[in-house]
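Asks: Enclosed is the structure file data.cif (mmCIF, C-alpha atoms).
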data_data
loop_
_atom_site.label_atom_id
_atom_site.label_comp_id
_atom_site.auth_asym_id
_atom_site.auth_seq_id
_atom_site.Cartn_x
_atom_site.Cartn_y
_atom_site.Cartn_z
CA MET J 1301 -25.69 9.72 -11.93
CA SER J 1302 -26.06 6.31 -13.57
CA PHE J 1303 -23.67 3.39 -13.50
CA VAL J 1304 -20.85 3.40 -16.03
CA ILE J 1305 -18.52 0.68 -17.28
CA ASP J 1306 -14.81 1.37 -17.69
CA VAL J 1307 -11.37 -0.12 -17.09
CA GLY J 1308 -9.38 1.02 -14.09
CA ILE J 1309 -6.20 0.60 -12.07
CA VAL J 1310 -6.36 0.53 -8.27
CA LEU J 1311 -4.26 3.43 -6.97
CA ARG J 1312 -5.30 3.44 -3.33
CA LEU J 1313 -7.25 1.32 -0.89
CA SER J 1314 -8.31 2.20 2.62
CA ASP J 1315 -10.60 0.57 5.13
CA TYR J 1316 -14.07 1.99 5.55
CA SER J 1317 -15.50 -0.69 7.84
CA GLU J 1318 -14.88 -4.34 8.71
CA THR J 1319 -16.02 -5.46 5.26
CA SER J 1320 -15.99 -2.37 3.05
CA GLN J 1321 -13.20 -0.31 1.55
CA ILE J 1322 -12.68 3.03 -0.14
CA VAL J 1323 -10.98 2.46 -3.47
CA THR J 1324 -9.36 5.10 -5.63
CA LEU J 1325 -9.21 4.07 -9.27
CA LEU J 1326 -7.56 5.66 -12.27
CA THR J 1327 -10.13 4.90 -14.93
CA ARG J 1328 -9.50 5.34 -18.63
CA GLY J 1329 -12.60 7.30 -19.49
CA HIS J 1330 -13.55 8.99 -16.23
CA GLY J 1331 -10.22 9.88 -14.62
CA VAL J 1332 -9.62 9.38 -10.92
CA ALA J 1333 -12.66 8.02 -9.11
CA ARG J 1334 -13.01 7.61 -5.32
CA LEU J 1335 -15.54 4.88 -4.68
CA LEU J 1336 -17.09 3.08 -1.76
CA ALA J 1337 -16.72 -0.66 -2.34
CA LYS J 1338 -19.22 -2.33 -0.04
CA GLY J 1339 -18.48 -5.85 1.10
CA THR J 1340 -15.18 -6.27 -0.74
CA ARG J 1341 -13.79 -8.22 2.18
CA ARG J 1342 -16.61 -10.73 2.34
CA THR J 1343 -15.53 -13.92 0.65
CA THR J 1344 -19.11 -14.50 -0.52
CA LYS J 1345 -19.18 -11.35 -2.66
CA ASP J 1346 -18.38 -12.73 -6.11
CA ARG J 1347 -18.89 -9.24 -7.61
CA PHE J 1348 -15.44 -8.46 -6.25
CA MET J 1349 -13.80 -11.88 -6.32
CA PRO J 1350 -11.09 -12.27 -5.13
CA GLY J 1351 -11.15 -8.90 -3.42
CA LEU J 1352 -9.31 -5.79 -4.50
CA ASP J 1353 -5.62 -5.05 -4.27
CA LEU J 1354 -3.34 -2.15 -5.13
CA LEU J 1355 -1.98 -1.95 -8.69
CA GLU J 1356 -4.56 -4.28 -10.16
CA LEU J 1357 -6.08 -3.63 -13.57
CA GLY J 1358 -9.70 -4.57 -14.01
CA GLU J 1359 -13.04 -3.99 -15.64
CA THR J 1360 -15.35 -2.06 -13.41
CA ARG J 1361 -18.93 -0.87 -13.11
CA PHE J 1362 -19.42 2.12 -10.85
CA LYS J 1363 -21.41 5.22 -10.15
CA LEU J 1364 -19.47 8.47 -9.84
CA ALA J 1365 -20.24 10.88 -7.06
CA ARG J 1366 -21.53 14.30 -8.00
CA PRO J 1367 -18.65 16.79 -8.22
CA ASP J 1368 -19.71 18.42 -4.93
CA ALA J 1369 -20.38 15.13 -3.13
CA GLY J 1370 -18.11 12.56 -1.43
CA LEU J 1371 -17.77 9.02 -2.67
CA GLY J 1372 -19.16 7.20 -5.68
CA THR J 1373 -20.14 3.54 -5.54
CA LEU J 1374 -18.24 0.56 -6.90
CA ALA J 1375 -20.71 -2.08 -8.05
CA GLU J 1376 -18.42 -4.60 -9.77
CA TRP J 1377 -14.74 -5.33 -10.21
CA LYS J 1378 -13.38 -7.99 -12.53
CA GLN J 1379 -9.64 -8.29 -12.25
CA GLN J 1380 -7.82 -8.50 -15.59
CA SER J 1381 -4.28 -8.49 -14.26
CA ALA J 1382 -2.65 -8.32 -10.84
CA TYR J 1383 0.83 -8.06 -12.39
CA PRO J 1384 2.19 -10.86 -10.19
CA ARG J 1385 5.82 -10.51 -11.23
CA ILE J 1386 5.98 -6.93 -10.00
CA ARG J 1387 5.35 -8.35 -6.53
CA SER J 1388 8.42 -10.55 -6.66
CA ASP J 1389 10.98 -7.74 -6.85
CA LEU J 1390 11.27 -4.76 -4.49
CA ALA J 1391 12.61 -2.36 -7.13
CA ARG J 1392 9.55 -3.04 -9.27
CA VAL J 1393 7.20 -2.71 -6.29
CA TYR J 1394 8.65 0.71 -5.46
CA ALA J 1395 8.68 1.84 -9.10
CA ALA J 1396 5.01 0.90 -9.51
CA THR J 1397 4.12 2.48 -6.16
CA TYR J 1398 6.05 5.64 -7.06
CA ALA J 1399 4.09 5.85 -10.31
CA THR J 1400 0.70 5.43 -8.62
CA GLU J 1401 1.58 7.90 -5.86
CA ALA J 1402 2.74 10.48 -8.41
CA THR J 1403 -0.46 9.96 -10.39
CA LEU J 1404 -2.59 10.46 -7.30
CA ALA J 1405 -0.69 13.58 -6.28
CA THR J 1406 -0.92 15.34 -9.65
CA THR J 1407 -4.42 14.50 -10.86
CA THR J 1408 -7.90 15.36 -9.65
CA GLU J 1409 -11.22 13.58 -9.78
CA HIS J 1410 -13.57 13.99 -12.77
CA ASP J 1411 -10.65 14.84 -15.08
CA PRO J 1412 -10.05 12.01 -17.58
CA HIS J 1413 -6.58 11.45 -19.02
CA PRO J 1414 -6.82 8.38 -21.30
CA ALA J 1415 -3.17 8.78 -22.38
CA LEU J 1416 -2.05 8.78 -18.74
CA PHE J 1417 -4.09 5.66 -18.05
CA ASP J 1418 -2.48 3.96 -21.07
CA ALA J 1419 0.99 5.03 -19.89
CA LEU J 1420 0.42 3.64 -16.39
CA ALA J 1421 -1.01 0.38 -17.74
CA ALA J 1422 1.98 0.10 -20.11
CA LEU J 1423 4.42 0.70 -17.24
CA LEU J 1424 2.81 -1.99 -15.10
CA GLN J 1425 2.75 -4.37 -18.06
CA THR J 1426 6.46 -3.76 -18.75
CA LEU J 1427 7.42 -4.20 -15.10
CA ASP J 1428 5.48 -7.47 -15.09
CA ILE J 1429 7.34 -9.01 -18.03
CA ALA J 1430 8.52 -12.50 -17.23
CA GLY J 1431 11.41 -14.40 -18.72
CA GLU J 1432 13.91 -11.62 -19.27
CA PRO J 1433 14.05 -9.86 -15.91
CA LEU J 1434 14.50 -6.10 -16.02
CA THR J 1435 17.75 -4.80 -14.62
CA PRO J 1436 17.53 -2.09 -11.92
CA ASP J 1437 18.42 0.43 -14.67
CA GLY J 1438 15.65 -1.01 -16.83
CA VAL J 1439 13.13 -0.45 -14.04
CA THR J 1440 14.34 3.16 -13.62
CA ILE J 1441 14.18 3.84 -17.36
CA GLU J 1442 10.57 2.66 -17.51
CA LEU J 1443 9.66 4.77 -14.48
CA VAL J 1444 11.33 7.89 -15.92
CA ARG J 1445 9.40 7.42 -19.17
CA PHE J 1446 6.16 7.19 -17.21
CA VAL J 1447 6.90 10.22 -15.02
CA SER J 1448 7.74 12.25 -18.14
CA GLU J 1449 4.42 11.23 -19.70
CA LEU J 1450 2.60 12.07 -16.46
CA LEU J 1451 4.18 15.54 -16.28
CA ARG J 1452 3.36 16.17 -19.94
CA GLU J 1453 -0.27 15.13 -19.38
CA VAL J 1454 -0.78 17.36 -16.37
CA GLY J 1455 1.12 20.28 -17.89
CA PHE J 1456 4.21 20.33 -15.65
CA MET J 1457 6.87 18.83 -17.94
CA PRO J 1458 10.02 20.92 -17.53
CA THR J 1459 11.87 22.32 -20.54
CA MET J 1460 15.27 20.67 -20.89
CA ARG J 1461 16.43 21.71 -24.38
CA ALA J 1462 17.41 25.30 -23.60
CA CYS J 1463 17.54 27.85 -20.80
CA VAL J 1464 13.90 28.30 -19.93
CA VAL J 1465 14.42 32.06 -19.35
CA CYS J 1466 16.78 33.33 -22.06
CA GLY J 1467 16.48 30.50 -24.57
CA LYS J 1468 20.22 29.76 -24.76
CA PRO J 1469 20.54 26.24 -26.20
CA ARG J 1470 21.49 23.49 -23.79
CA THR J 1471 24.68 22.74 -25.70
CA ALA J 1472 25.89 26.29 -25.08
CA ILE J 1473 25.30 26.23 -21.32
CA ALA J 1474 28.12 25.42 -18.91
CA ASN J 1475 27.30 24.43 -15.32
CA ALA J 1476 23.58 24.32 -16.08
CA ARG J 1477 21.12 24.55 -13.24
CA PHE J 1478 17.55 23.40 -12.90
CA SER J 1479 14.66 25.32 -11.45
CA SER J 1480 11.30 23.79 -10.76
CA SER J 1481 9.57 27.12 -10.26
CA ARG J 1482 10.92 28.39 -13.62
CA GLY J 1483 10.04 25.06 -15.23
CA GLY J 1484 13.33 23.70 -16.54
CA LEU J 1485 16.99 24.23 -17.30
CA LEU J 1486 18.69 27.54 -16.52
CA CYS J 1487 21.99 29.06 -17.59
CA VAL J 1488 24.17 30.38 -14.76
CA ALA J 1489 23.24 34.03 -15.42
CA CYS J 1490 19.50 33.38 -15.33
CA ALA J 1491 19.88 31.08 -12.31
CA ALA J 1492 21.48 33.98 -10.40
CA GLU J 1493 18.17 35.82 -10.65
CA THR J 1494 16.10 32.79 -9.64
CA PRO J 1495 15.64 32.11 -5.92
CA GLU J 1496 15.09 28.37 -6.34
CA SER J 1497 17.52 26.33 -8.41
CA ARG J 1498 19.93 23.44 -8.08
CA PRO J 1499 22.72 22.06 -10.23
CA ALA J 1500 21.37 19.97 -13.10
CA PRO J 1501 22.96 16.52 -13.21
CA GLU J 1502 25.73 16.62 -15.80
CA ALA J 1503 24.24 13.77 -17.85
CA VAL J 1504 20.91 15.57 -18.07
CA ALA J 1505 22.43 18.99 -18.78
CA ARG J 1506 24.44 17.73 -21.74
CA GLY J 1507 21.32 16.15 -23.24
CA GLY J 1508 22.03 12.53 -22.42
CA ARG J 1509 19.19 10.18 -23.23
CA VAL J 1510 17.22 8.53 -20.42
CA GLY J 1511 18.80 5.17 -21.25
CA GLU J 1512 22.31 6.61 -20.75
CA ALA J 1513 21.70 8.06 -17.29
CA PRO J 1514 18.40 6.81 -15.85
CA ALA J 1515 19.29 7.56 -12.23
CA ALA J 1516 20.19 11.19 -13.05
CA TRP J 1517 16.91 11.66 -14.93
CA LEU J 1518 14.90 10.15 -12.10
CA GLU J 1519 16.68 12.34 -9.58
CA ILE J 1520 15.87 15.57 -11.44
CA LEU J 1521 12.26 14.60 -12.19
CA ASP J 1522 11.80 13.57 -8.56
CA TYR J 1523 13.16 16.97 -7.46
CA HIS J 1524 10.70 18.65 -9.84
CA LEU J 1525 7.76 16.50 -8.70
CA THR J 1526 8.57 17.25 -5.07
CA ARG J 1527 8.25 20.96 -5.75
CA VAL J 1528 5.18 20.63 -7.96
CA ILE J 1529 3.37 18.61 -5.30
CA GLY J 1530 4.79 20.51 -2.35
CA ARG J 1531 6.20 17.45 -0.57
CA PRO J 1532 8.34 14.43 -1.44
CA LEU J 1533 6.58 11.27 -2.54
CA ARG J 1534 6.62 8.63 0.18
CA ALA J 1535 8.12 6.06 -2.19
CA SER J 1536 10.75 8.55 -3.34
CA ARG J 1537 13.65 7.77 -1.03
CA GLN J 1538 13.44 3.99 -1.53
CA MET J 1539 13.03 4.36 -5.29
CA LEU J 1540 16.04 6.65 -5.57
CA ARG J 1541 18.01 4.13 -3.54
CA PHE J 1542 17.05 1.32 -5.92
CA ALA J 1543 17.86 3.52 -8.90
CA GLY J 1544 21.29 4.31 -7.45
CA ALA J 1545 20.56 8.04 -7.57
CA ALA J 1546 22.21 10.32 -5.06
CA ASP J 1547 19.53 11.66 -2.74
CA LYS J 1548 20.37 15.35 -2.71
CA MET J 1549 17.00 16.64 -1.62
CA MET Y 238 -33.79 21.86 23.41
CA SER Y 239 -33.12 18.74 25.48
CA ASP Y 240 -33.41 15.38 23.67
CA GLY Y 241 -34.21 13.59 26.92
CA ARG Y 242 -30.76 12.04 27.33
CA GLY Y 243 -29.26 14.99 29.16
CA ALA Y 244 -25.56 15.78 29.04
CA GLY Y 245 -24.57 13.55 31.93
CA PRO Y 246 -23.07 10.06 32.18
CA LEU Y 247 -25.45 8.50 29.65
CA GLN Y 248 -24.57 10.98 26.94
CA ARG Y 249 -20.89 10.57 27.79
CA LEU Y 250 -21.15 6.79 27.36
CA ILE Y 251 -22.93 7.25 24.02
CA GLU Y 252 -20.20 9.60 22.83
CA GLU Y 253 -17.46 7.13 23.90
CA LEU Y 254 -19.21 4.20 22.20
CA LYS Y 255 -19.60 6.18 18.98
CA ARG Y 256 -15.81 6.33 18.73
CA LEU Y 257 -15.58 2.53 18.40
CA PRO Y 258 -15.17 1.07 14.87
CA GLY Y 259 -18.46 0.14 13.23
CA ILE Y 260 -20.58 1.80 15.92
CA GLY Y 261 -22.82 4.60 14.71
CA ALA Y 262 -25.04 6.94 16.72
CA ARG Y 263 -28.04 4.56 16.81
CA SER Y 264 -25.95 1.55 17.84
CA ALA Y 265 -24.18 3.62 20.49
CA GLU Y 266 -27.54 4.63 21.96
CA ARG Y 267 -28.80 1.04 21.90
CA ILE Y 268 -25.67 -0.29 23.68
CA ALA Y 269 -25.72 2.54 26.22
CA PHE Y 270 -29.35 1.85 27.14
CA HIS Y 271 -28.59 -1.88 27.31
CA VAL Y 272 -25.76 -1.17 29.78
CA LEU Y 273 -28.08 1.10 31.77
CA LYS Y 274 -30.75 -1.62 32.05
CA SER Y 275 -28.35 -4.53 32.66
CA PRO Y 276 -27.50 -5.75 36.21
CA ARG Y 277 -24.90 -3.68 38.00
CA GLU Y 278 -22.33 -6.52 38.21
CA GLU Y 279 -22.58 -7.14 34.44
CA ALA Y 280 -21.94 -3.48 33.62
CA ILE Y 281 -19.11 -3.18 36.15
CA GLY Y 282 -17.63 -6.43 34.75
CA LEU Y 283 -17.52 -4.86 31.28
CA ALA Y 284 -15.87 -1.71 32.64
CA GLN Y 285 -13.35 -3.79 34.59
CA ALA Y 286 -12.54 -5.91 31.49
CA ILE Y 287 -11.81 -2.72 29.54
CA ARG Y 288 -9.64 -1.41 32.35
CA ASP Y 289 -7.77 -4.74 32.63
CA ILE Y 290 -6.99 -4.87 28.93
CA LYS Y 291 -5.40 -1.42 29.08
CA ASP Y 292 -3.56 -2.04 32.35
CA ASN Y 293 -2.35 -5.58 31.82
CA ILE Y 294 -1.91 -6.25 28.09
CA ARG Y 295 1.43 -5.36 26.53
CA PRO Y 296 3.55 -6.63 23.64
CA CYS Y 297 5.37 -9.91 24.31
CA ALA Y 298 9.06 -9.20 24.84
CA ARG Y 299 9.98 -11.94 22.35
CA CYS Y 300 7.35 -12.04 19.61
CA PHE Y 301 5.26 -8.83 20.07
CA ASN Y 302 2.04 -10.82 20.45
CA LEU Y 303 -0.37 -9.54 23.09
CA ALA Y 304 0.84 -10.67 26.52
CA GLU Y 305 -0.19 -10.33 30.13
CA GLY Y 306 3.31 -10.85 31.46
CA GLU Y 307 6.73 -10.43 29.91
CA LEU Y 308 6.08 -13.31 27.50
CA CYS Y 309 2.84 -14.23 25.75
CA HIS Y 310 1.20 -17.59 26.49
CA ILE Y 311 2.64 -19.08 23.29
CA CYS Y 312 6.27 -18.05 23.88
CA ALA Y 313 5.94 -19.20 27.50
CA ASP Y 314 4.66 -22.65 26.49
CA PRO Y 315 7.57 -25.16 26.62
CA ARG Y 316 5.69 -27.59 24.33
CA ARG Y 317 5.94 -25.13 21.42
CA ASP Y 318 8.63 -25.70 18.78
CA ALA Y 319 10.80 -22.58 19.11
CA GLY Y 320 12.64 -23.55 15.92
CA LEU Y 321 9.59 -22.84 13.76
CA VAL Y 322 8.64 -19.16 13.66
CA VAL Y 323 5.50 -18.00 11.83
CA VAL Y 324 5.71 -14.31 10.93
CA VAL Y 325 2.41 -12.42 10.85
CA GLU Y 326 1.51 -8.77 10.32
CA GLN Y 327 -0.69 -8.29 13.39
CA PRO Y 328 -1.99 -10.16 16.46
CA LYS Y 329 -5.38 -10.71 14.76
CA ASP Y 330 -3.63 -12.83 12.09
CA LEU Y 331 -1.99 -14.88 14.83
CA ILE Y 332 -5.40 -15.57 16.38
CA SER Y 333 -6.74 -16.78 13.01
CA LEU Y 334 -3.75 -19.07 12.46
CA GLU Y 335 -3.96 -20.43 16.01
CA ALA Y 336 -7.60 -21.31 15.40
CA THR Y 337 -6.48 -23.86 12.76
CA GLY Y 338 -4.73 -25.86 15.50
CA LEU Y 339 -1.96 -26.69 13.00
CA ILE Y 340 0.83 -24.42 14.18
CA THR Y 341 3.16 -26.20 16.55
CA GLY Y 342 5.76 -23.44 16.43
CA VAL Y 343 5.88 -19.90 17.75
CA TYR Y 344 5.15 -16.54 16.14
CA HIS Y 345 6.66 -13.18 15.38
CA VAL Y 346 4.29 -10.21 15.01
CA LEU Y 347 5.57 -7.45 12.72
CA MET Y 348 3.06 -4.88 14.01
CA GLY Y 349 2.08 -3.87 10.49
CA ALA Y 350 3.11 -4.21 6.87
CA VAL Y 351 5.40 -2.15 4.66
CA SER Y 352 3.25 0.39 2.85
CA PRO Y 353 5.10 2.84 0.62
CA LEU Y 354 1.86 4.77 -0.01
CA ASP Y 355 1.19 5.23 3.70
CA GLY Y 356 4.82 5.87 4.57
CA VAL Y 357 5.23 2.65 6.61
CA ARG Y 358 8.88 1.66 6.19
CA PRO Y 359 10.59 -1.65 7.02
CA GLN Y 360 12.28 0.01 10.00
CA ASP Y 361 8.84 0.82 11.45
CA LEU Y 362 8.19 -2.91 11.86
CA THR Y 363 9.78 -5.44 14.22
CA ILE Y 364 12.08 -6.88 11.52
CA ALA Y 365 15.26 -6.06 13.47
CA ALA Y 366 13.91 -8.03 16.46
CA LEU Y 367 13.23 -10.99 14.17
CA ARG Y 368 16.80 -10.84 12.92
CA ASP Y 369 17.99 -10.84 16.52
CA ARG Y 370 15.91 -13.96 17.23
CA VAL Y 371 17.42 -15.69 14.21
CA ALA Y 372 20.94 -14.60 15.19
CA LYS Y 373 20.57 -16.42 18.50
CA GLY Y 374 20.66 -19.60 16.46
CA ASP Y 375 17.72 -21.69 17.59
CA VAL Y 376 15.41 -20.82 14.67
CA ARG Y 377 15.27 -23.51 11.97
CA GLU Y 378 12.46 -22.29 9.72
CA ILE Y 379 10.63 -19.01 9.23
CA VAL Y 380 7.16 -19.16 7.65
CA LEU Y 381 6.14 -15.83 6.13
CA ALA Y 382 2.42 -15.48 6.76
CA THR Y 383 2.03 -11.92 5.53
CA ASN Y 384 -1.13 -11.11 3.59
CA PRO Y 385 -1.18 -12.12 -0.09
CA ASN Y 386 -1.55 -8.52 -1.26
CA LEU Y 387 0.89 -5.86 -2.49
CA GLU Y 388 1.82 -4.68 1.00
CA GLY Y 389 2.17 -8.21 2.34
CA ASP Y 390 4.30 -9.16 -0.65
CA ALA Y 391 6.52 -6.08 -0.23
CA THR Y 392 6.90 -6.93 3.46
CA ALA Y 393 7.87 -10.50 2.58
CA LEU Y 394 10.50 -9.21 0.12
CA HIS Y 395 11.97 -6.94 2.80
CA LEU Y 396 12.03 -9.88 5.23
CA MET Y 397 13.85 -12.02 2.65
CA GLU Y 398 16.37 -9.21 2.25
CA ALA Y 399 16.80 -8.92 6.04
CA LEU Y 400 17.29 -12.67 6.45
CA GLU Y 401 19.72 -13.01 3.55
CA GLY Y 402 22.92 -14.66 4.62
CA THR Y 403 21.39 -16.52 7.55
CA ALA Y 404 21.15 -20.30 7.53
CA VAL Y 405 17.45 -20.30 8.35
CA LYS Y 406 14.97 -21.86 5.90
CA VAL Y 407 12.37 -19.30 4.77
CA THR Y 408 8.98 -20.44 3.43
CA ARG Y 409 5.72 -18.66 2.61
CA LEU Y 410 2.08 -19.70 3.00
CA ALA Y 411 0.60 -21.31 -0.13
CA ARG Y 412 -1.65 -19.21 -2.35
CA GLY Y 413 -4.33 -19.92 -4.92
CA LEU Y 414 -7.91 -21.15 -4.92
CA ALA Y 415 -9.89 -20.82 -1.72
CA PRO Y 416 -12.09 -23.72 -0.58
CA GLY Y 417 -15.59 -23.13 -1.94
CA ALA Y 418 -14.31 -21.13 -4.92
CA GLN Y 419 -15.15 -22.25 -8.45
CA ILE Y 420 -12.52 -22.44 -11.17
CA GLU Y 421 -14.99 -20.91 -13.64
CA TYR Y 422 -15.08 -17.68 -11.63
CA ALA Y 423 -11.46 -17.57 -10.48
CA ASN Y 424 -9.25 -14.97 -12.13
CA ARG Y 425 -6.00 -15.68 -13.98
CA HIS Y 426 -3.79 -14.66 -11.06
CA MET Y 427 -5.52 -17.04 -8.64
CA LEU Y 428 -5.34 -19.88 -11.14
CA GLU Y 429 -1.66 -19.22 -11.90
CA GLU Y 430 -0.80 -19.31 -8.21
CA ALA Y 431 -2.89 -22.40 -7.59
CA PHE Y 432 -1.20 -24.18 -10.50
CA ARG Y 433 2.29 -23.16 -9.40
CA GLY Y 434 1.56 -24.27 -5.85
CA ARG Y 435 0.09 -27.68 -6.82
CA HIS Y 436 1.19 -30.65 -4.73
CA ALA Y 437 1.27 -34.42 -5.05
CA LEU Y 438 -1.66 -36.38 -3.63
#
Rewrite the structure from the file as structure tokens, please.
Replies:
Amino acid sequence: MSFVIDVGIVLRLSDYSETSQIVTLLTRGHGVARLLAKGTRRTTKDRFMPGLDLLELGETRFKLARPDAGLGTLAEWKQQSAYPRIRSDLARVYAATYATEATLATTTEHDPHPALFDALAALLQTLDIAGEPLTPDGVTIELVRFVSELLREVGFMPTMRACVVCGKPRTAIANARFSSSRGGLLCVACAAETPESRPAPEAVARGGRVGEAPAAWLEILDYHLTRVIGRPLRASRQMLRFAGAADKM
Amino acid sequence: MSDGRGAGPLQRLIEELKRLPGIGARSAERIAFHVLKSPREEAIGLAQAIRDIKDNIRPCARCFNLAEGELCHICADPRRDAGLVVVVEQPKDLISLEATGLITGVYHVLMGAVSPLDGVRPQDLTIAALRDRVAKGDVREIVLATNPNLEGDATALHLMEALEGTAVKVTRLARGLAPGAQIEYANRHMLEEAFRGRHAL
């Protein structure tokens, strides 16, 4: 495979040797790419100046691995933004980390999702806004929007407008429940026949917008993600704490 | 078929050396043959040094630096300013800072950095012990010397949260352009930090 040029966001970094790292990028045109970045820790390597860090956006030149092979090769990284203001607030750090972890857990290599890349870049850009600091609710709202976009892109967005089994409209459902395995909201009768379900937060069940109840939306999407992935995200507990969501998992 | 090395002590040494970071099969062989050819006292000295490090090195009871006794050589040194505590992620960072010869204070080693992606939480670090040191009242200033990356920044934010409400002054190492760097090739983030951290001459 030949070298390609793309933009990417650093999702994961791990040490490979004293001076080299394995970097996982979400690229716009080539999806998730796992690359060996040789010499990133040498201060003399101006191809990578000033090194690589998580959640950076940059222009990159790399060679993808063959689908059956291990790592590709990162040849160049030119940082465009490190989103410095995210790093000055723990809620933003955890929101951004949650987003990258969810992206990693739900996507595979060699599967481009340009819309997902744009959504992640937009989230990081919004979290980085200076001047008017985001409130904790503001951070949660932005994260919920991103997670919804992520789930839509990878085909796991739950149905929230009606009972996913019988089609009864949300407005006609009392004591609505949510089932990840069924893929959305359930009325009580359909929930009785579903082994896995939990009460849907009231604000979500009555169709409240994300801006009205961000913590409730994050809580239900986090529950859904946990079941889609098969484990909770590592950033989940801290993020729910920042969002003020009850951790009922 | 035998490769000439047999399955005895030599092969065992090669296998052990291969487990070290940065040592591949060829390097392991080269080192093993070097040990085999070297004088007996040199080889036994190496083995003894490895044994000593495992038997005698433990975390300092105060700062978690590597220590041979209860306290490390820095905490035990009465000439050190115990009111100035430099907080680092790992002992290797402490060694680098000590090499500058500028630090007159003492250290606190966190034994890692907060990493949400790797599941390293603030409670996995020695933050509670740092709070205890501060609570004793003889700490005047804490210098956060965590790495200038996302994990180091998150760790610093957690430390700020943990030290909230104490009277101690908290500072952080300066960031920006590295000596030898050229402004032309520096990225926006580096330049922003260098500009914000400018100082009077």
Asks: Residues of chain Y near chain J: apply a cut-off of 10 Å, count only C-alpha atoms, and supply the list as a ChimeraX atom specification.
Replies: /Y:258-260,352-358,385-395,398,414-415,417-418,422-427,429-430
Asks: When you look at Y:Lys406 with a cut-off of 8 Å (counting all atoms listed in the file), what residues show up, excluding the ones that are within fewer than 2 positions of it in the same chain? I need them as a PyMOL selection string.
Replies: chain Y and resi 377-379+404+408
Asks: Between Y:Leu331, Y:Ile340, Y:Ala286, Y:Met397, which has the minimum distance to Y:Leu303 (counting only C-alpha atoms)?
Replies: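 Looking at the shortest contact to Y:Leu303, the residue is Y:Leu331.
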Asks: Mind giving me the straight-line distance from atom CA of J:Cys1463 to atom CA of J:His1413 in Å, one decimal?
Replies: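 Going from atom CA of J:Cys1463 over to atom CA of J:His1413 covers 29.2 Å.
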Asks: On this structure, the PyMOL selection byres ((chain Y and resi 250) around 12) would catch which residues? List them as a PDB file with C-alpha atoms, in the coordinates of the input, sorted by chain and number.
Replies:
ATOM      1  CA  ARG Y 242     -30.760  12.040  27.330  1.00  0.00           C
ATOM      2  CA  GLY Y 243     -29.260  14.990  29.160  1.00  0.00           C
ATOM      3  CA  ALA Y 244     -25.560  15.780  29.040  1.00  0.00           C
ATOM      4  CA  GLY Y 245     -24.570  13.550  31.930  1.00  0.00           C
ATOM      5  CA  PRO Y 246     -23.070  10.060  32.180  1.00  0.00           C
ATOM      6  CA  LEU Y 247     -25.450   8.500  29.650  1.00  0.00           C
ATOM      7  CA  GLN Y 248     -24.570  10.980  26.940  1.00  0.00           C
ATOM      8  CA  ARG Y 249     -20.890  10.570  27.790  1.00  0.00           C
ATOM      9  CA  ILE Y 251     -22.930   7.250  24.020  1.00  0.00           C
ATOM     10  CA  GLU Y 252     -20.200   9.600  22.830  1.00  0.00           C
ATOM     11  CA  GLU Y 253     -17.460   7.130  23.900  1.00  0.00           C
ATOM     12  CA  LEU Y 254     -19.210   4.200  22.200  1.00  0.00           C
ATOM     13  CA  LYS Y 255     -19.600   6.180  18.980  1.00  0.00           C
ATOM     14  CA  ARG Y 256     -15.810   6.330  18.730  1.00  0.00           C
ATOM     15  CA  LEU Y 257     -15.580   2.530  18.400  1.00  0.00           C
ATOM     16  CA  ALA Y 262     -25.040   6.940  16.720  1.00  0.00           C
ATOM     17  CA  SER Y 264     -25.950   1.550  17.840  1.00  0.00           C
ATOM     18  CA  ALA Y 265     -24.180   3.620  20.490  1.00  0.00           C
ATOM     19  CA  GLU Y 266     -27.540   4.630  21.960  1.00  0.00           C
ATOM     20  CA  ARG Y 267     -28.800   1.040  21.900  1.00  0.00           C
ATOM     21  CA  ILE Y 268     -25.670  -0.290  23.680  1.00  0.00           C
ATOM     22  CA  ALA Y 269     -25.720   2.540  26.220  1.00  0.00           C
ATOM     23  CA  PHE Y 270     -29.350   1.850  27.140  1.00  0.00           C
ATOM     24  CA  HIS Y 271     -28.590  -1.880  27.310  1.00  0.00           C
ATOM     25  CA  VAL Y 272     -25.760  -1.170  29.780  1.00  0.00           C
ATOM     26  CA  LEU Y 273     -28.080   1.100  31.770  1.00  0.00           C
ATOM     27  CA  ALA Y 284     -15.870  -1.710  32.640  1.00  0.00           C
TER      28      ALA Y 284
END
Asks: What is the atom CA of Y:Arg295-atom CA of Y:His310 distance in Å, reported with one decimal?
Replies: 12.2 Å
Asks: What is the distance between atom CA of J:Val1504 and atom CA of J:Asn1475, in Å to one decimal?
Replies: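 Rounded to one decimal, the two atoms are 11.3 Å apart.
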Asks: Choose the residue, out of J:Asp1428, J:Glu1502, J:Asp1418, J:Glu1496, that has the smallest atom-to-atom separation from J:Glu1449; count all atoms listed in the file.
Replies: J:Asp1418
Asks: For the provided coordinates, the residues matched by the PyMOL selection byres ((chain J and resi 1320-1329) around 7) should be stated as a count of residues only.
Replies: 30
Asks: Tell me which protein, DNA and RNA residues are within 9 Å of stretch 1489-1492 of chain J, counting only C-alpha atoms, leaving out same-chain ones fewer than 2 positions away, and put them as a PyMOL selection string.
Replies: chain J and resi 1463-1466+1476-1479+1485-1487+1494-1498
Asks: Box in all listed atoms of stretch 1432-1449 of chain J, axis-aligned, with 3 Å more on each side; write out centre and edge lengths in Å to one decimal as lines of an AutoDock Vina configuration file.
Replies:
center_x = 11.4
center_y = 0.3
center_z = -15.8
size_x = 20.0
size_y = 29.9
size_z = 13.8
